[in-house]
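Chemist: run.txt is the file, holding compact mmCIF, C-alpha atoms:
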```
# COMPACT_ATOMS: atom_id res chain seq x y z
CA MET A 30 28.16 19.34 -16.90
CA MET A 31 25.84 21.35 -14.66
CA PRO A 32 27.50 23.49 -11.95
CA ARG A 33 27.65 21.92 -8.50
CA ILE A 34 25.52 24.36 -6.49
CA TRP A 35 24.85 23.92 -2.77
CA ASN A 36 23.60 26.55 -0.31
CA GLY A 37 23.93 29.10 -3.08
CA LYS A 38 27.63 28.39 -3.67
CA ASN A 39 29.32 26.91 -6.72
CA LEU A 40 31.39 24.11 -5.22
CA ASP A 41 33.90 24.35 -8.05
CA ASP A 42 34.71 27.92 -7.02
CA GLU A 43 34.47 28.15 -3.24
CA VAL A 44 34.01 26.25 0.00
CA PRO A 45 30.40 26.63 1.19
CA GLU A 46 29.14 27.18 4.71
CA LEU A 47 26.75 24.78 6.38
CA GLY A 48 24.15 27.52 6.45
CA LEU A 49 24.33 28.52 10.11
CA ARG A 50 26.76 30.09 12.53
CA LEU A 51 27.61 29.04 16.05
CA ASP A 52 27.57 32.04 18.36
CA PHE A 53 30.91 31.13 19.95
CA ALA A 54 33.79 28.77 19.19
CA SER A 55 33.27 27.37 22.70
CA LEU A 56 30.16 25.65 21.29
CA ILE A 57 32.26 23.42 18.99
CA PRO A 58 32.20 20.43 21.38
CA ASP A 59 28.40 20.71 21.66
CA PHE A 60 28.14 20.88 17.87
CA ALA A 61 30.16 17.66 17.65
CA SER A 62 27.92 16.07 20.27
CA GLN A 63 24.77 16.97 18.34
CA LEU A 64 26.28 15.58 15.14
CA LEU A 65 27.05 12.28 16.85
CA GLU A 66 23.58 12.09 18.43
CA SER A 67 21.70 13.15 15.28
CA GLY A 68 21.02 9.66 13.91
CA LEU A 69 22.77 10.75 10.72
CA VAL A 70 26.04 8.99 11.64
CA THR A 71 26.70 5.45 12.82
CA ASP A 72 29.18 3.40 14.88
CA THR A 73 29.53 6.22 17.38
CA GLU A 74 30.95 4.02 20.15
CA HIS A 75 34.25 3.55 18.27
CA LEU A 76 35.26 7.08 17.32
CA LEU A 77 38.75 8.08 16.24
CA LEU A 78 40.45 11.44 16.83
CA THR A 79 43.60 12.33 14.89
CA PRO A 80 46.40 13.20 15.27
CA LEU A 81 45.98 11.99 18.85
CA ASP A 82 49.75 11.60 19.23
CA ASP A 83 50.15 15.39 19.04
CA LEU A 84 47.62 15.93 21.82
CA LYS A 85 49.30 13.24 23.95
CA ALA A 86 52.75 14.76 23.37
CA TRP A 87 51.43 18.11 24.57
CA LEU A 88 49.73 16.48 27.56
CA ARG A 89 53.08 15.00 28.66
CA THR A 90 54.35 18.56 29.10
CA GLN A 91 51.45 19.66 31.29
CA ASN A 92 50.87 19.69 35.03
CA PRO A 93 47.76 17.50 35.34
CA GLY A 94 46.31 19.19 38.39
CA GLU A 95 43.78 17.34 40.53
CA ALA A 96 40.49 18.00 38.70
CA GLY A 97 38.98 19.44 35.56
CA LEU A 98 39.05 18.56 31.89
CA LEU A 99 42.84 18.56 31.57
CA HIS A 100 43.17 16.13 34.47
CA GLU A 101 40.40 13.83 33.16
CA VAL A 102 41.61 13.67 29.56
CA ARG A 103 45.23 13.24 30.63
CA GLU A 104 44.24 10.33 32.85
CA LEU A 105 42.24 8.76 30.01
CA LEU A 106 44.99 9.08 27.40
CA LEU A 107 48.13 8.72 29.51
CA GLY A 108 47.11 7.12 32.82
CA GLN A 109 48.11 3.54 32.00
CA GLU A 110 51.18 4.64 30.09
CA LEU A 111 52.47 6.60 33.07
CA VAL A 112 51.93 3.62 35.40
CA ASP A 113 53.77 1.27 33.02
CA ARG A 114 56.54 3.79 32.40
CA ALA A 115 57.13 4.23 36.15
CA LYS A 116 57.17 0.45 36.59
CA ALA A 117 59.81 0.06 33.83
CA GLU A 118 61.95 2.81 35.35
CA LYS A 119 61.73 1.19 38.79
CA GLU A 120 62.92 -2.09 37.29
CA GLY A 121 65.69 -0.36 35.34
CA ALA A 122 64.13 -1.42 32.02
CA HIS A 123 64.07 0.66 28.83
CA PHE A 124 60.62 2.08 28.02
CA ASP A 125 60.12 2.40 24.25
CA LEU A 126 56.98 4.45 23.60
CA VAL A 127 56.48 3.23 20.02
CA ASP A 128 56.76 -0.43 20.99
CA TYR A 129 54.52 0.19 23.99
CA GLU A 130 51.73 1.74 21.93
CA LEU A 131 51.97 -0.97 19.26
CA GLY A 132 51.61 -3.56 21.99
CA MET A 133 48.55 -1.80 23.39
CA MET A 134 46.92 -1.69 19.95
CA GLN A 135 47.60 -5.38 19.38
CA ALA A 136 46.21 -6.32 22.79
CA ASP A 137 43.04 -4.22 22.51
CA GLU A 138 41.37 -3.51 19.16
CA THR A 139 39.41 -0.67 20.77
CA TYR A 140 42.57 1.11 22.00
CA GLU A 141 42.15 4.87 21.55
CA GLN A 142 38.60 4.56 20.26
CA PHE A 143 36.10 6.77 22.05
CA ASN A 144 32.41 7.11 22.77
CA PRO A 145 30.59 10.42 22.11
CA GLU A 146 31.06 11.69 25.68
CA TRP A 147 34.84 11.26 25.59
CA ALA A 148 35.06 12.62 22.04
CA LYS A 149 33.24 15.74 23.25
CA ASN A 150 35.55 16.03 26.27
CA ILE A 151 38.69 15.77 24.14
CA LEU A 152 37.43 18.40 21.72
CA GLY A 153 36.46 20.50 24.73
CA LEU A 154 40.02 20.33 25.98
CA VAL A 155 41.32 21.46 22.57
CA VAL A 156 39.07 24.53 22.76
CA GLU A 157 39.81 25.18 26.45
CA GLU A 158 43.60 24.92 26.03
CA ALA A 159 43.81 26.42 22.53
CA ASP A 160 46.53 28.97 23.32
CA SER A 161 48.78 26.39 24.96
CA LEU A 162 48.23 23.79 22.24
CA GLN A 163 48.84 26.33 19.49
CA ALA A 164 52.04 27.60 21.11
CA TRP A 165 53.30 24.03 21.59
CA SER A 166 52.44 23.07 18.01
CA GLN A 167 54.17 26.12 16.56
CA ALA A 168 57.28 25.46 18.65
CA GLU A 169 57.47 21.69 18.21
CA LEU A 170 55.83 21.04 14.83
CA LYS A 171 56.15 24.44 13.11
CA THR A 172 52.48 24.35 12.16
CA ASN A 173 49.02 25.17 13.52
CA PHE A 174 47.36 22.66 15.84
CA SER A 175 44.43 20.70 14.46
CA MET A 176 42.22 17.82 15.58
CA ALA A 177 39.88 15.72 13.45
CA LEU A 178 36.98 13.57 14.64
CA SER A 179 36.13 10.85 12.14
CA PHE A 180 32.50 9.87 11.60
CA THR A 181 30.67 7.41 9.34
CA LEU A 182 27.37 7.77 7.52
CA PRO A 183 25.04 4.75 7.54
CA ASP A 184 24.85 2.31 4.65
CA ALA A 185 22.86 4.29 2.08
CA ARG A 186 20.33 1.45 1.79
CA LYS A 187 19.64 1.44 5.53
CA ASN A 188 19.71 5.11 6.56
CA PRO A 189 17.07 5.58 9.29
CA LEU A 190 16.46 9.25 8.44
CA LEU A 191 17.11 9.62 4.70
CA GLY A 192 15.23 7.66 2.06
CA VAL A 193 16.96 5.72 -0.71
CA GLU A 194 15.22 7.79 -3.42
CA ALA A 195 16.37 11.07 -1.87
CA ILE A 196 19.93 9.78 -1.54
CA GLU A 197 20.01 8.59 -5.15
CA ALA A 198 18.57 11.90 -6.43
CA SER A 199 21.16 13.92 -4.49
CA MET A 200 24.01 11.69 -5.67
CA ARG A 201 22.95 12.14 -9.29
CA LYS A 202 22.52 15.89 -8.80
CA PHE A 203 26.16 16.14 -7.77
CA GLY A 204 27.50 14.06 -10.62
CA ALA A 205 27.46 10.42 -9.50
CA GLY A 206 27.39 7.88 -12.31
CA GLU A 207 25.74 4.49 -12.58
CA THR A 208 28.77 2.66 -11.18
CA MET A 209 28.72 4.57 -7.90
CA ILE A 210 24.92 4.37 -7.65
CA GLY A 211 25.21 0.62 -8.12
CA ARG A 212 27.86 0.29 -5.42
CA MET A 213 25.78 2.33 -2.99
CA LEU A 214 22.27 1.14 -3.62
CA LYS A 215 22.26 -2.04 -5.71
CA ASN A 216 24.95 -4.19 -4.09
CA ALA A 217 26.95 -3.98 -7.34
CA GLY A 218 30.63 -4.03 -6.42
CA LYS A 219 32.51 -2.90 -3.34
CA LYS A 220 30.51 -0.81 -0.88
CA PRO A 221 31.89 2.73 -0.55
CA GLU A 222 33.60 3.97 2.59
CA TYR A 223 31.15 6.46 4.09
CA SER A 224 33.78 8.25 6.17
CA GLY A 225 33.90 11.97 6.88
CA MET A 226 35.58 14.20 9.46
CA LEU A 227 34.79 17.09 11.75
CA LEU A 228 37.93 19.22 11.71
CA ILE A 229 39.06 21.89 14.20
CA GLU A 230 42.02 24.01 13.11
CA LEU A 231 43.65 26.66 15.28
CA ALA A 232 45.50 29.77 14.16
CA GLY A 233 46.75 33.04 15.57
CA ARG A 234 44.21 35.78 16.20
CA GLY A 235 42.80 36.98 12.89
CA MET A 236 44.77 34.37 10.90
CA ALA A 237 42.23 31.53 10.67
CA ARG A 238 41.19 30.56 7.15
CA PRO A 239 38.78 27.87 5.92
CA PRO A 240 40.39 24.79 4.37
CA ARG A 241 40.56 24.31 0.62
CA PRO A 242 39.75 21.08 -1.24
CA ALA A 243 42.70 18.69 -1.20
CA GLY A 244 42.69 15.86 -3.70
CA SER A 245 39.42 13.98 -3.35
CA THR A 246 38.58 15.60 0.03
CA TYR A 247 36.16 18.53 0.03
CA PHE A 248 34.90 20.71 2.87
CA VAL A 249 31.88 22.54 4.24
CA THR A 250 32.68 25.17 6.85
CA VAL A 251 30.64 25.75 9.99
CA GLY A 252 30.48 29.48 10.61
CA LEU A 253 31.61 30.89 13.95
CA ALA A 254 30.17 34.30 14.82
CA ASP A 255 32.98 34.62 17.38
CA ALA A 256 35.97 32.46 16.38
CA ARG A 257 38.09 33.36 19.43
CA VAL A 258 39.48 30.55 21.57
CA GLY A 259 41.79 31.60 24.37
CA ASP A 260 43.49 34.97 24.48
CA SER A 261 45.46 34.79 21.25
CA SER A 262 43.97 32.04 19.05
CA ASP A 263 41.08 31.63 16.63
CA ALA A 264 39.41 28.43 15.44
CA VAL A 265 38.01 27.18 12.15
CA LEU A 266 35.41 24.40 12.16
CA SER A 267 34.65 22.37 9.05
CA LEU A 268 33.17 19.09 7.86
CA ALA A 269 35.24 17.06 5.39
CA TYR A 270 33.81 14.54 2.96
CA PRO A 271 34.92 12.44 -0.04
CA LYS A 272 33.96 14.05 -3.35
CA GLU A 273 32.77 10.76 -4.85
CA LEU A 274 30.00 10.69 -2.21
CA GLU A 275 29.27 14.41 -2.31
CA GLY A 276 25.53 14.06 -2.87
CA TYR A 277 25.04 11.77 0.13
CA PHE A 278 27.14 13.87 2.48
CA LEU A 279 25.57 17.18 1.47
CA LEU A 280 22.08 15.70 1.88
CA SER A 281 23.13 14.55 5.36
CA PHE A 282 24.52 18.01 6.16
CA ASP A 283 21.21 19.56 5.05
CA ALA A 284 19.40 17.27 7.48
CA LEU A 285 21.90 18.08 10.24
CA ARG A 286 21.34 21.80 9.78
CA GLN A 287 17.61 21.31 10.31
CA GLN A 288 18.26 19.48 13.59
CA LEU A 289 20.81 21.74 15.22
CA THR A 290 19.82 23.93 18.13
CA LEU A 291 23.16 25.74 18.61
CA LYS A 292 22.70 28.21 15.83
CA GLU A 293 22.48 31.84 14.87
CA GLU A 294 21.22 32.21 11.31
CA PRO A 295 23.66 34.15 9.07
```
How would this structure read if it were set down as structure tokens?
Modeler:
Amino acid sequence: MMPRIWNGKNLDDEVPELGLRLDFASLIPDFASQLLESGLVTDTEHLLLTPLDDLKAWLRTQNPGEAGLLHEVRELLLGQELVDRAKAEKEGAHFDLVDYELGMMQADETYEQFNPEWAKNILGLVVEEADSLQAWSQAELKTNFSMALSFTLPDARKNPLLGVEAIEASMRKFGAGETMIGRMLKNAGKKPEYSGMLLIELAGRGMARPPRPAGSTYFVTVGLADARVGDSSDAVLSLAYPKELEGYFLLSFDALRQQLTLKEEP
């Protein structure tokens, strides 16, 4: 089998970079915004961020203030919960957070789904409060803080920016067989799940490392010329994708790289 080469890297041996570097880690939210507005991803009005429960748990420990990103995101994620919790306490009723959140999800199928503006704001808060989030995560969870934004590529037969022939050629280049090509392009069998993730991971100063492939999930890192966030933390930014759809995702990442304006060439 031919080596899987992309951006000059053998994907069997190392995690490649996207082919550009952001000048500062503070540009991560803008990078996410450009990804979501690129036309290369779809269903951007129902975005998921995970693990949101960790961010909410940290927010419950914070003084919300009266303005700014912390205040706005806290109000978005916890505003109704705090009202309902206070009401239960006033009535002398037990407030069970798990039952409460299950009830909210059952009542509203869009619960904790976000549009691009709010996704950018939440990622902006992660960058802005990196030191506090990292300290909380180390103390409470014994691990580094991370946040993933899920995104979805369009149906390969209906991509507005990438042609079917180019998608098929890239899929074959990276090892796709006839069965997967059929599922993607010929309506033969179950349509694949075109889901990827933008992943921010925090670490102590000088300790940040790019992720390694895990099972069927592979990564492309987005270089940060200055990875510092806060006074004592660094960030790693990467794009995760399913290996079975490698050719389609890498072709999309090539197209994204050509669009981006927040870049310093390596």
Chemist: Closest to Thr73 (chain A) among A:Ala148, A:Ala96, A:Val112, A:Val102, using only C-alpha atoms?
Modeler: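 Among the listed residues, A:Ala148 lies closest to Thr73 (chain A).
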Chemist: Work out how far CA of Ser245 (chain A) is from CA of Val193 (chain A), in Å to one decimal.
Modeler: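 CA of Ser245 (chain A) lies 24.1 Å from CA of Val193 (chain A).
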Chemist: Nearest residue to Glu222 (chain A) out of A:Arg201, A:His123, A:Lys272, A:Arg89, using only C-alpha atoms?
Modeler: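 Residue with the minimum atom-to-atom distance to Glu222 (chain A): A:Lys272.
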Chemist: Quick one: of A:Ser175, A:Asn36, A:Ser262, A:Gln63, who's nearest to Lys149 (chain A), counting only C-alpha atoms?
Modeler: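 The answer is A:Gln63, which sits nearest to Lys149 (chain A).
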Chemist: How would you write as a list in words the residues that get within 12 Å of (52.1, 21.9, 33.4) in the file's frame, counting all atoms listed in the file?
Modeler: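 The residues near that point, listed by chain and number, are Trp87, Leu88, Arg89, Thr90, Gln91, Asn92, Pro93, Gly94, Glu95, Leu99, His100, Arg103, Glu158, Ser161 and Leu162 of chain A.
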Chemist: Can you pull out every residue within 12 Å of Met133 (chain A), counting all atoms listed in the file, but drop anything in the same chain fewer than 6 positions away, and send it as a ChimeraX atom specification?
Modeler: /A:109-110,113,126-127,139-141
Chemist: Between A:Gly68, A:Pro32, A:Pro45, A:Pro221, which one has atoms that come closest to Val249 (chain A), using only C-alpha atoms?
Modeler: A:Pro45
Chemist: So how many Å separate CA of Ala269 (chain A) and CA of Gly204 (chain A), to one decimal?
Modeler: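 We find that CA of Ala269 (chain A) and CA of Gly204 (chain A) lie 18.0 Å from each other.
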Chemist: Please, what distance in Å, to one decimal, runs between CA of Gln287 (chain A) and CA of Leu69 (chain A)?
Modeler: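 These two atoms are separated by 11.8 Å.
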Chemist: Between A:Lys85, A:Tyr129, A:Lys219, A:Phe53, which has the minimum distance to Asp255 (chain A) (counting only C-alpha atoms)?
Modeler: A:Phe53
